[in-house]
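This is coords.json. It holds JSON, C-alpha atoms and all ligand atoms.
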[["chain", "number", "residue", "atom", "x", "y", "z"],
["U", 1, "MET", "CA", 42.90, 18.46, 17.82],
["U", 2, "GLN", "CA", 41.82, 15.46, 15.75],
["U", 3, "LYS", "CA", 39.92, 13.99, 18.70],
["U", 4, "GLY", "CA", 38.11, 17.30, 19.20],
["U", 5, "CYS", "CA", 37.24, 17.43, 15.53],
["U", 6, "ALA", "CA", 35.87, 13.87, 15.54],
["U", 7, "PHE", "CA", 33.83, 14.67, 18.64],
["U", 8, "LEU", "CA", 32.36, 17.76, 16.98],
["U", 9, "MET", "CA", 31.44, 15.75, 13.88],
["U", 10, "PHE", "CA", 29.82, 13.05, 16.02],
["U", 11, "TRP", "CA", 27.90, 15.68, 17.97],
["U", 12, "ALA", "CA", 26.73, 17.44, 14.79],
["U", 13, "SER", "CA", 25.51, 14.17, 13.24],
["U", 14, "PHE", "CA", 23.81, 13.18, 16.53],
["U", 15, "MET", "CA", 22.02, 16.52, 16.71],
["U", 16, "PHE", "CA", 21.03, 16.23, 13.03],
["U", 17, "SER", "CA", 19.47, 12.81, 13.60],
["U", 18, "VAL", "CA", 17.63, 14.05, 16.72],
["U", 19, "ALA", "CA", 16.25, 16.97, 14.68],
["U", 20, "ALA", "CA", 15.26, 14.67, 11.78],
["U", 21, "ASN", "CA", 13.47, 12.31, 14.18],
["U", 22, "ALA", "CA", 11.66, 15.23, 15.80],
["U", 23, "ASP", "CA", 10.55, 16.40, 12.33],
["U", 24, "LYS", "CA", 9.36, 12.90, 11.47],
["U", 25, "THR", "CA", 7.38, 12.60, 14.71],
["U", 26, "GLU", "CA", 5.81, 16.00, 14.10],
["U", 27, "ASP", "CA", 4.91, 15.07, 10.48],
["U", 28, "VAL", "CA", 3.30, 11.80, 11.58],
["U", 29, "ALA", "CA", 1.39, 13.50, 14.43],
["U", 30, "HIS", "CA", 0.11, 16.16, 12.02],
["U", 31, "LEU", "CA", -0.93, 13.58, 9.43],
["U", 32, "CYS", "CA", -2.64, 11.40, 12.06],
["U", 33, "GLN", "CA", -4.61, 14.45, 13.15],
["U", 34, "LYS", "CA", -5.73, 15.15, 9.58],
["U", 35, "ILE", "CA", -6.66, 11.50, 8.95],
["U", 36, "THR", "CA", -8.76, 11.29, 12.11],
["U", 37, "GLN", "CA", -10.55, 14.56, 11.22],
["U", 38, "LYS", "CA", -11.51, 12.99, 7.88],
["U", 39, "LEU", "CA", -12.17, 9.41, 8.97],
["U", 40, "HIS", "CA", -14.09, 9.23, 12.21],
["U", 41, "SER", "CA", -13.49, 5.50, 12.58],
["U", 42, "VAL", "CA", -9.75, 6.13, 12.97],
["U", 43, "ASN", "CA", -8.77, 7.13, 16.48],
["U", 44, "LEU", "CA", -6.04, 9.76, 16.99],
["U", 45, "GLU", "CA", -4.29, 8.00, 19.86],
["U", 46, "GLU", "CA", -4.43, 4.72, 17.98],
["U", 47, "CYS", "CA", -2.94, 6.33, 14.85],
["U", 48, "GLN", "CA", -0.10, 7.85, 16.87],
["U", 49, "SER", "CA", 0.47, 4.63, 18.80],
["U", 50, "PHE", "CA", 1.48, 2.76, 15.63],
["U", 51, "ASP", "CA", 4.74, 4.71, 15.62],
["U", 52, "PHE", "CA", 4.72, 4.97, 11.82],
["U", 53, "ASP", "CA", 7.81, 5.44, 9.73],
["U", 54, "THR", "CA", 7.65, 7.71, 6.73],
["U", 55, "HIS", "CA", 9.04, 7.12, 3.26],
["U", 56, "LYS", "CA", 11.76, 9.45, 2.03],
["U", 57, "ILE", "CA", 9.53, 10.52, -0.89],
["U", 58, "SER", "CA", 6.47, 12.59, 0.10],
["U", 59, "SER", "CA", 3.25, 13.32, -1.80],
["U", 60, "VAL", "CA", 2.85, 16.20, -4.28],
["U", 61, "LEU", "CA", 1.66, 18.44, -1.41],
["U", 62, "ASN", "CA", 4.52, 17.24, 0.78],
["U", 63, "MET", "CA", 2.49, 14.91, 2.99],
["U", 64, "PRO", "CA", 4.47, 11.95, 4.34],
["U", 65, "LEU", "CA", 3.65, 8.42, 3.19],
["U", 66, "LEU", "CA", 3.15, 6.36, 6.35],
["U", 67, "MET", "CA", 4.75, 2.94, 6.64],
["U", 68, "LYS", "CA", 4.54, 0.28, 9.33],
["U", 69, "GLU", "CA", 6.61, -2.87, 9.28],
["U", 70, "PHE", "CA", 5.99, -6.05, 11.27],
["U", 71, "LYS", "CA", 8.99, -8.33, 10.88],
["U", 72, "GLY", "CA", 8.89, -12.11, 10.84],
["U", 73, "VAL", "CA", 11.22, -14.18, 13.00],
["U", 74, "MET", "CA", 12.90, -15.95, 10.11],
["U", 75, "ASP", "CA", 13.05, -13.37, 7.38],
["U", 76, "HIS", "CA", 13.94, -15.85, 4.65],
["U", 77, "ASP", "CA", 11.13, -18.31, 5.18],
["U", 78, "VAL", "CA", 8.12, -16.25, 6.09],
["U", 79, "PRO", "CA", 5.85, -14.67, 3.48],
["U", 80, "LYS", "CA", 6.72, -11.05, 2.74],
["U", 81, "VAL", "CA", 3.53, -9.15, 2.18],
["U", 82, "LEU", "CA", 3.15, -5.53, 1.13],
["U", 83, "PHE", "CA", -0.24, -4.11, 2.06],
["U", 84, "ILE", "CA", -1.32, -0.90, 0.30],
["U", 85, "ALA", "CA", -4.49, 1.09, 0.97],
["U", 86, "GLY", "CA", -5.88, 4.47, -0.03],
["U", 87, "ILE", "CA", -4.23, 4.75, -3.44],
["U", 88, "HIS", "CA", -7.62, 6.16, -4.47],
["U", 89, "GLY", "CA", -8.32, 9.08, -2.15],
["U", 90, "ASP", "CA", -12.13, 8.84, -2.17],
["U", 91, "GLU", "CA", -12.27, 5.21, -1.04],
["U", 92, "TYR", "CA", -12.47, 6.00, 2.67],
["U", 93, "SER", "CA", -13.33, 2.47, 3.77],
["U", 94, "SER", "CA", -10.08, 1.08, 2.37],
["U", 95, "VAL", "CA", -8.05, 3.27, 4.76],
["U", 96, "SER", "CA", -10.41, 2.83, 7.73],
["U", 97, "ALA", "CA", -10.48, -0.97, 7.39],
["U", 98, "THR", "CA", -6.69, -1.05, 7.01],
["U", 99, "PHE", "CA", -6.31, 0.74, 10.36],
["U", 100, "LYS", "CA", -8.46, -2.08, 11.85],
["U", 101, "TRP", "CA", -6.19, -4.69, 10.26],
["U", 102, "LEU", "CA", -3.15, -2.86, 11.62],
["U", 103, "LYS", "CA", -4.72, -3.04, 15.06],
["U", 104, "ILE", "CA", -5.38, -6.78, 14.69],
["U", 105, "LEU", "CA", -1.75, -7.26, 13.69],
["U", 106, "GLU", "CA", -0.42, -5.07, 16.49],
["U", 107, "GLU", "CA", -2.25, -7.24, 19.00],
["U", 108, "ASN", "CA", -1.65, -10.64, 17.39],
["U", 109, "HIS", "CA", 1.52, -10.49, 15.34],
["U", 110, "ALA", "CA", 3.00, -13.96, 15.63],
["U", 111, "ASP", "CA", 6.15, -13.42, 13.53],
["U", 112, "LYS", "CA", 4.96, -15.93, 10.92],
["U", 113, "PHE", "CA", 4.81, -13.21, 8.28],
["U", 114, "HIS", "CA", 6.83, -10.17, 7.37],
["U", 115, "TRP", "CA", 4.38, -7.35, 6.70],
["U", 116, "LEU", "CA", 4.89, -3.86, 5.38],
["U", 117, "PHE", "CA", 1.82, -1.61, 5.50],
["U", 118, "LEU", "CA", 1.30, 1.57, 3.50],
["U", 119, "PRO", "CA", -2.11, 2.58, 4.91],
["U", 120, "LEU", "CA", -2.57, 5.80, 2.92],
["U", 121, "ALA", "CA", -0.79, 5.84, -0.43],
["U", 122, "ASN", "CA", -2.60, 8.96, -1.67],
["U", 123, "PRO", "CA", -2.85, 11.37, 1.30],
["U", 124, "ASP", "CA", -3.49, 14.43, -0.90],
["U", 125, "GLY", "CA", -6.50, 12.78, -2.55],
["U", 126, "LEU", "CA", -8.09, 11.82, 0.77],
["U", 127, "LEU", "CA", -7.31, 14.92, 2.80],
["U", 128, "ARG", "CA", -8.44, 17.69, 0.44],
["U", 129, "LYS", "CA", -11.78, 19.39, 1.21],
["U", 130, "ASN", "CA", -13.62, 17.14, -1.23],
["U", 131, "ALA", "CA", -11.75, 13.86, -1.31],
["U", 132, "GLN", "CA", -10.92, 12.62, -4.79],
["U", 133, "ARG", "CA", -9.72, 9.44, -6.43],
["U", 134, "MET", "CA", -6.69, 11.11, -8.03],
["U", 135, "ASN", "CA", -3.64, 12.75, -6.41],
["U", 136, "ALA", "CA", -3.06, 16.52, -6.22],
["U", 137, "ASN", "CA", -1.98, 16.59, -9.90],
["U", 138, "ASN", "CA", -5.29, 14.92, -10.85],
["U", 139, "VAL", "CA", -3.49, 11.71, -11.83],
["U", 140, "ASP", "CA", -5.00, 8.30, -11.08],
["U", 141, "LEU", "CA", -2.01, 6.76, -9.28],
["U", 142, "ASN", "CA", -3.35, 3.30, -10.04],
["U", 143, "ARG", "CA", -2.80, 3.99, -13.75],
["U", 144, "ASN", "CA", 0.59, 5.72, -13.36],
["U", 145, "PHE", "CA", 2.81, 2.62, -13.07],
["U", 146, "PRO", "CA", 4.98, 1.51, -16.04],
["U", 147, "PRO", "CA", 2.65, -0.28, -18.47],
["U", 148, "GLU", "CA", 3.27, -3.15, -20.83],
["U", 149, "GLY", "CA", 3.53, -2.04, -24.45],
["U", 150, "GLY", "CA", 5.57, 1.13, -24.21],
["U", 151, "GLU", "CA", 5.41, 4.51, -22.53],
["U", 152, "SER", "CA", 2.25, 5.73, -24.25],
["U", 153, "ALA", "CA", 0.16, 2.55, -23.65],
["U", 154, "SER", "CA", -1.70, 3.93, -20.59],
["U", 155, "LEU", "CA", -2.41, 7.29, -22.20],
["U", 156, "ASP", "CA", -3.60, 5.62, -25.45],
["U", 157, "TYR", "CA", -5.86, 3.29, -23.46],
["U", 158, "TRP", "CA", -7.24, 6.27, -21.51],
["U", 159, "LYS", "CA", -8.06, 8.19, -24.70],
["U", 160, "VAL", "CA", -9.63, 5.30, -26.57],
["U", 161, "LYS", "CA", -11.18, 3.02, -23.92],
["U", 162, "THR", "CA", -12.22, 5.44, -21.20],
["U", 163, "ALA", "CA", -13.17, 8.40, -23.41],
["U", 164, "LYS", "CA", -10.66, 10.49, -21.43],
["U", 165, "ASP", "CA", -12.38, 9.88, -18.10],
["U", 166, "PRO", "CA", -10.68, 12.47, -15.82],
["U", 167, "ARG", "CA", -10.95, 10.06, -12.87],
["U", 168, "ARG", "CA", -8.73, 7.61, -14.71],
["U", 169, "PHE", "CA", -6.11, 9.98, -16.16],
["U", 170, "PRO", "CA", -2.80, 8.06, -16.09],
["U", 171, "GLY", "CA", -0.55, 11.13, -16.25],
["U", 172, "LEU", "CA", 1.28, 12.31, -19.37],
["U", 173, "LEU", "CA", 4.05, 9.83, -18.68],
["U", 174, "PRO", "CA", 4.32, 6.69, -16.52],
["U", 175, "VAL", "CA", 5.77, 7.27, -13.04],
["U", 176, "SER", "CA", 5.28, 11.03, -13.32],
["U", 177, "GLU", "CA", 4.00, 11.16, -9.71],
["U", 178, "PRO", "CA", 6.05, 11.04, -6.48],
["U", 179, "GLU", "CA", 3.56, 8.66, -4.82],
["U", 180, "THR", "CA", 4.03, 6.15, -7.69],
["U", 181, "LYS", "CA", 7.82, 6.51, -7.41],
["U", 182, "ALA", "CA", 7.59, 5.87, -3.66],
["U", 183, "ILE", "CA", 5.52, 2.68, -4.10],
["U", 184, "MET", "CA", 7.93, 1.38, -6.76],
["U", 185, "ASP", "CA", 10.84, 2.20, -4.47],
["U", 186, "ILE", "CA", 9.18, 0.34, -1.60],
["U", 187, "ILE", "CA", 8.55, -2.71, -3.83],
["U", 188, "ASP", "CA", 12.16, -2.61, -4.97],
["U", 189, "ASP", "CA", 13.55, -2.39, -1.42],
["U", 190, "PHE", "CA", 11.13, -4.70, 0.38],
["U", 191, "LYS", "CA", 10.81, -7.30, -2.41],
["U", 192, "PRO", "CA", 7.37, -8.56, -1.42],
["U", 193, "GLU", "CA", 6.23, -12.02, -2.51],
["U", 194, "VAL", "CA", 2.60, -10.92, -2.47],
["U", 195, "ILE", "CA", 0.95, -7.49, -2.63],
["U", 196, "VAL", "CA", -2.47, -6.80, -1.13],
["U", 197, "SER", "CA", -4.16, -3.68, -2.44],
["U", 198, "VAL", "CA", -7.36, -2.36, -0.84],
["U", 199, "HIS", "CA", -10.07, -0.53, -2.80],
["U", 200, "ALA", "CA", -13.83, 0.03, -2.85],
["U", 201, "PRO", "CA", -16.74, -0.19, -3.85],
["U", 202, "TYR", "CA", -16.96, -3.22, -6.19],
["U", 203, "ASP", "CA", -17.58, -5.81, -3.45],
["U", 204, "LEU", "CA", -15.28, -8.52, -4.76],
["U", 205, "LEU", "CA", -11.86, -10.03, -4.72],
["U", 206, "ASP", "CA", -9.63, -9.55, -7.76],
["U", 207, "PHE", "CA", -6.36, -11.30, -8.45],
["U", 208, "ASP", "CA", -3.42, -10.69, -10.75],
["U", 209, "GLY", "CA", -1.43, -13.88, -10.70],
["U", 210, "GLU", "CA", -1.59, -17.56, -11.61],
["U", 211, "ALA", "CA", -3.80, -20.54, -10.80],
["U", 212, "TYR", "CA", -3.54, -20.20, -7.02],
["U", 213, "ALA", "CA", -6.12, -17.39, -6.82],
["U", 214, "PRO", "CA", -8.06, -17.14, -3.57],
["U", 215, "GLU", "CA", -11.78, -17.88, -4.01],
["U", 216, "LYS", "CA", -13.26, -16.03, -1.08],
["U", 217, "PHE", "CA", -12.06, -13.71, 1.70],
["U", 218, "GLY", "CA", -14.86, -13.11, 4.21],
["U", 219, "PRO", "CA", -17.82, -11.75, 2.25],
["U", 220, "LEU", "CA", -15.71, -10.99, -0.87],
["U", 221, "ASP", "CA", -15.88, -13.49, -3.75],
["U", 222, "LEU", "CA", -13.32, -13.83, -6.51],
["U", 223, "LYS", "CA", -14.36, -12.07, -9.69],
["U", 224, "LEU", "CA", -11.63, -11.09, -12.10],
["U", 225, "LEU", "CA", -11.88, -7.51, -13.32],
["U", 226, "GLY", "CA", -9.23, -7.75, -16.04],
["U", 227, "THR", "CA", -6.12, -5.66, -16.26],
["U", 228, "TYR", "CA", -5.58, -1.99, -17.03],
["U", 229, "PRO", "CA", -2.34, -0.57, -18.41],
["U", 230, "GLY", "CA", -0.48, 1.33, -15.70],
["U", 231, "SER", "CA", -2.32, -0.26, -12.76],
["U", 232, "LEU", "CA", -0.40, -1.59, -9.77],
["U", 233, "GLY", "CA", -1.77, -5.10, -10.42],
["U", 234, "ASN", "CA", -0.64, -5.03, -14.02],
["U", 235, "TYR", "CA", 2.80, -3.63, -13.15],
["U", 236, "ALA", "CA", 3.56, -5.92, -10.22],
["U", 237, "TRP", "CA", 2.29, -9.14, -11.77],
["U", 238, "VAL", "CA", 3.10, -8.73, -15.47],
["U", 239, "ARG", "CA", 6.41, -6.94, -15.05],
["U", 240, "LEU", "CA", 7.70, -8.15, -11.68],
["U", 241, "ASN", "CA", 5.98, -11.53, -11.26],
["U", 242, "ILE", "CA", 4.54, -10.54, -7.88],
["U", 243, "PRO", "CA", 0.92, -11.67, -7.44],
["U", 244, "VAL", "CA", -1.50, -8.92, -6.39],
["U", 245, "ILE", "CA", -4.69, -9.52, -4.42],
["U", 246, "THR", "CA", -7.15, -6.65, -4.70],
["U", 247, "LEU", "CA", -9.74, -6.37, -1.96],
["U", 248, "GLU", "CA", -12.68, -4.34, -3.29],
["U", 249, "LEU", "CA", -14.79, -3.50, -0.24],
["U", 250, "PRO", "CA", -18.55, -3.08, -0.84],
["U", 251, "HIS", "CA", -18.90, 0.63, -0.03],
["U", 252, "ALA", "CA", -16.43, 3.50, -0.33],
["U", 253, "GLY", "CA", -17.96, 5.45, 2.56],
["U", 254, "ILE", "CA", -19.15, 2.67, 4.88],
["U", 255, "MET", "CA", -16.82, 0.23, 6.58],
["U", 256, "PRO", "CA", -17.55, -3.50, 6.51],
["U", 257, "LYS", "CA", -18.84, -4.89, 9.84],
["U", 258, "ASN", "CA", -16.19, -5.76, 12.42],
["U", 259, "SER", "CA", -16.96, -9.46, 11.94],
["U", 260, "GLU", "CA", -16.41, -9.11, 8.17],
["U", 261, "ILE", "CA", -13.15, -7.24, 8.70],
["U", 262, "ARG", "CA", -11.95, -10.06, 10.92],
["U", 263, "ASP", "CA", -13.17, -12.76, 8.47],
["U", 264, "ILE", "CA", -11.36, -11.11, 5.55],
["U", 265, "TRP", "CA", -8.18, -11.00, 7.65],
["U", 266, "GLU", "CA", -8.40, -14.63, 8.75],
["U", 267, "ASP", "CA", -9.06, -15.86, 5.20],
["U", 268, "LEU", "CA", -6.15, -13.77, 3.88],
["U", 269, "VAL", "CA", -3.77, -15.19, 6.49],
["U", 270, "PHE", "CA", -4.99, -18.76, 5.83],
["U", 271, "TRP", "CA", -4.54, -18.30, 2.08],
["U", 272, "LEU", "CA", -1.05, -16.85, 2.53],
["U", 273, "LYS", "CA", 0.02, -19.74, 4.76],
["U", 274, "ASN", "CA", -1.20, -22.33, 2.28],
["U", 275, "GLU", "CA", -0.27, -20.71, -1.00],
["U", 276, "HIS", "CA", 3.02, -19.09, -0.04],
["U", 277, "PRO", "CA", 5.15, -22.18, -0.84],
["U", 278, "LYS", "CA", 3.58, -22.39, -4.34],
["U", 279, "ILE", "CA", 4.06, -18.67, -4.97],
["U", 280, "LYS", "CA", 7.65, -18.85, -3.79],
["U", 281, "SER", "CA", 8.51, -21.88, -5.90],
["U", 282, "ALA", "CA", 6.90, -20.30, -9.00],
["U", 283, "GLN", "CA", 8.94, -17.13, -8.40],
["U", 284, "LEU", "CA", 12.15, -19.09, -7.95],
["U", 285, "LYS", "CA", 11.55, -21.02, -11.18],
["U", 286, "SER", "CA", 10.92, -17.86, -13.17],
["U", 287, "SER", "CA", 13.85, -15.85, -11.81],
["U", 288, "PRO", "CA", 17.06, -15.82, -13.85],
["U", 289, "THR", "CA", 19.64, -18.39, -12.75],
["U", 290, "SER", "CA", 22.70, -16.42, -13.69],
["J", 1, "ZN", "ZN", -9.89, 2.11, -6.15]]

What is this file in structure tokens?
Amino acid sequence: MQKGCAFLMFWASFMFSVAANADKTEDVAHLCQKITQKLHSVNLEECQSFDFDTHKISSVLNMPLLMKEFKGVMDHDVPKVLFIAGIHGDEYSSVSATFKWLKILEENHADKFHWLFLPLANPDGLLRKNAQRMNANNVDLNRNFPPEGGESASLDYWKVKTAKDPRRFPGLLPVSEPETKAIMDIIDDFKPEVIVSVHAPYDLLDFDGEAYAPEKFGPLDLKLLGTYPGSLGNYAWVRLNIPVITLELPHAGIMPKNSEIRDIWEDLVFWLKNEHPKIKSAQLKSSPTS
């Protein structure tokens, strides 16, 4: 009797996991289809071939957040890099270029890094009829992270410094949006040593971190934009001590040339290899000892 019962429980849990996997595959296939309808530079077969995972938290309109991990051989010694694109839904090139970088990695991953890619952090913003910077609740996700200076700091800044620019609305409260929660959850679980965040169209490289800032990645030169309360850069660096490199591509609707995409990638990898020991030792020094 007990054996039969255990078998039934095993069978039920097996069938549940098969059904959950089938749902996940269907969700990813559906999202890939929508992405490729919007971004002609992303190929449907290529999107499906990445075999994306999805985060347990979905977007406001219940779209999955795609994730792709490339593990390093020695997890403790290789740089752990979280790569986030498309947090602003109208910056098409950030998502398109990130699919090219995923392809480069798929073909050349040498296990010297541990990567986690989130290629489309704001699917609702990109996939609506007229793409928009904000998510489906009209919140700028890149202002919705916990700010320094208390809960109302981002909203106060928005009212006073941006004259209530609707494109930069931080939400009524920090972390009000599921996409923000998901990114924080991913940071918490993955514990990246560096975050790369891809935007457009300011044509530069921005850096939240210390003296080891990169000077140039491909055609992008370092030019510090300053920090905004509630931004990912501000949250990750100021509150978590994780440096954030922001790649601002030159045009939101036009991809960089293939040679520039490759140059940006090679410079990023070179910088990570050289600077990772310094970043790691700075993080170890600043972390509590007991
Ligand atoms: Zn942006």

Query - Nearest to ligand ZN 1 (chain J) by atom-to-atom distance, counting all atoms listed in the file, from U:Leu224, U:Leu141, U:Val175, U:Val28 - result: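 Once distances to ligand ZN 1 (chain J) are computed over all atoms listed in the file, the minimum belongs to U:Leu141.
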
Requested in this report: Have a look at atom CA of Leu120 of chain U and atom CA of Met67 of chain U and let me know their distance in Å, one decimal.
Outcome: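 Distance between the two atoms: 8.7 Å.
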
Query raised in the report: What is the atom CA of Trp158 of chain U to atom CA of Gly89 of chain U distance in Å?
Result: 19.6 Å

**Report entry** Best match for closeness to His30 of chain U among U:Ser93, U:Gln48, U:Asn241, U:Asn135, counting all atoms listed in the file
**Finding:** U:Gln48

Query raised in the report: Could you pull the residues within 12 Å of Gly150 of chain U, counting only C-alpha atoms, minus those fewer than 4 positions along the same chain, as a ChimeraX atom specification?
Result: /U:145-146,154-157,173-174,229-230

Report task. Just give me the residues with any atom within 12 Å of (-13.2, -16.8, 1.6), file coordinates, counting all atoms listed in the file, written as an MDAnalysis selection string. Result -> chainID U and resid 204:205 213:222 247 260:271

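Around ligand ZN 1 (chain J), the neighbouring residues within 10 Å, taking all atoms listed in the file, come to Ala85, Gly86, Ile87, His88, Gly89, Asp90, Glu91, Tyr92, Ser94, Arg133, Met134, Asp140, Leu141, Asn142, Ser197, Val198, His199, Ala200, Pro201, Tyr202, Thr246, Leu247, Glu248, Leu249 and Ala252 of chain U.
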
Requested in this report: For atom CA of Leu44 of chain U and atom CA of Ala97 of chain U, quote the distance in Å rounded to one decimal.
Outcome: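 So the answer is 15.1 Å.
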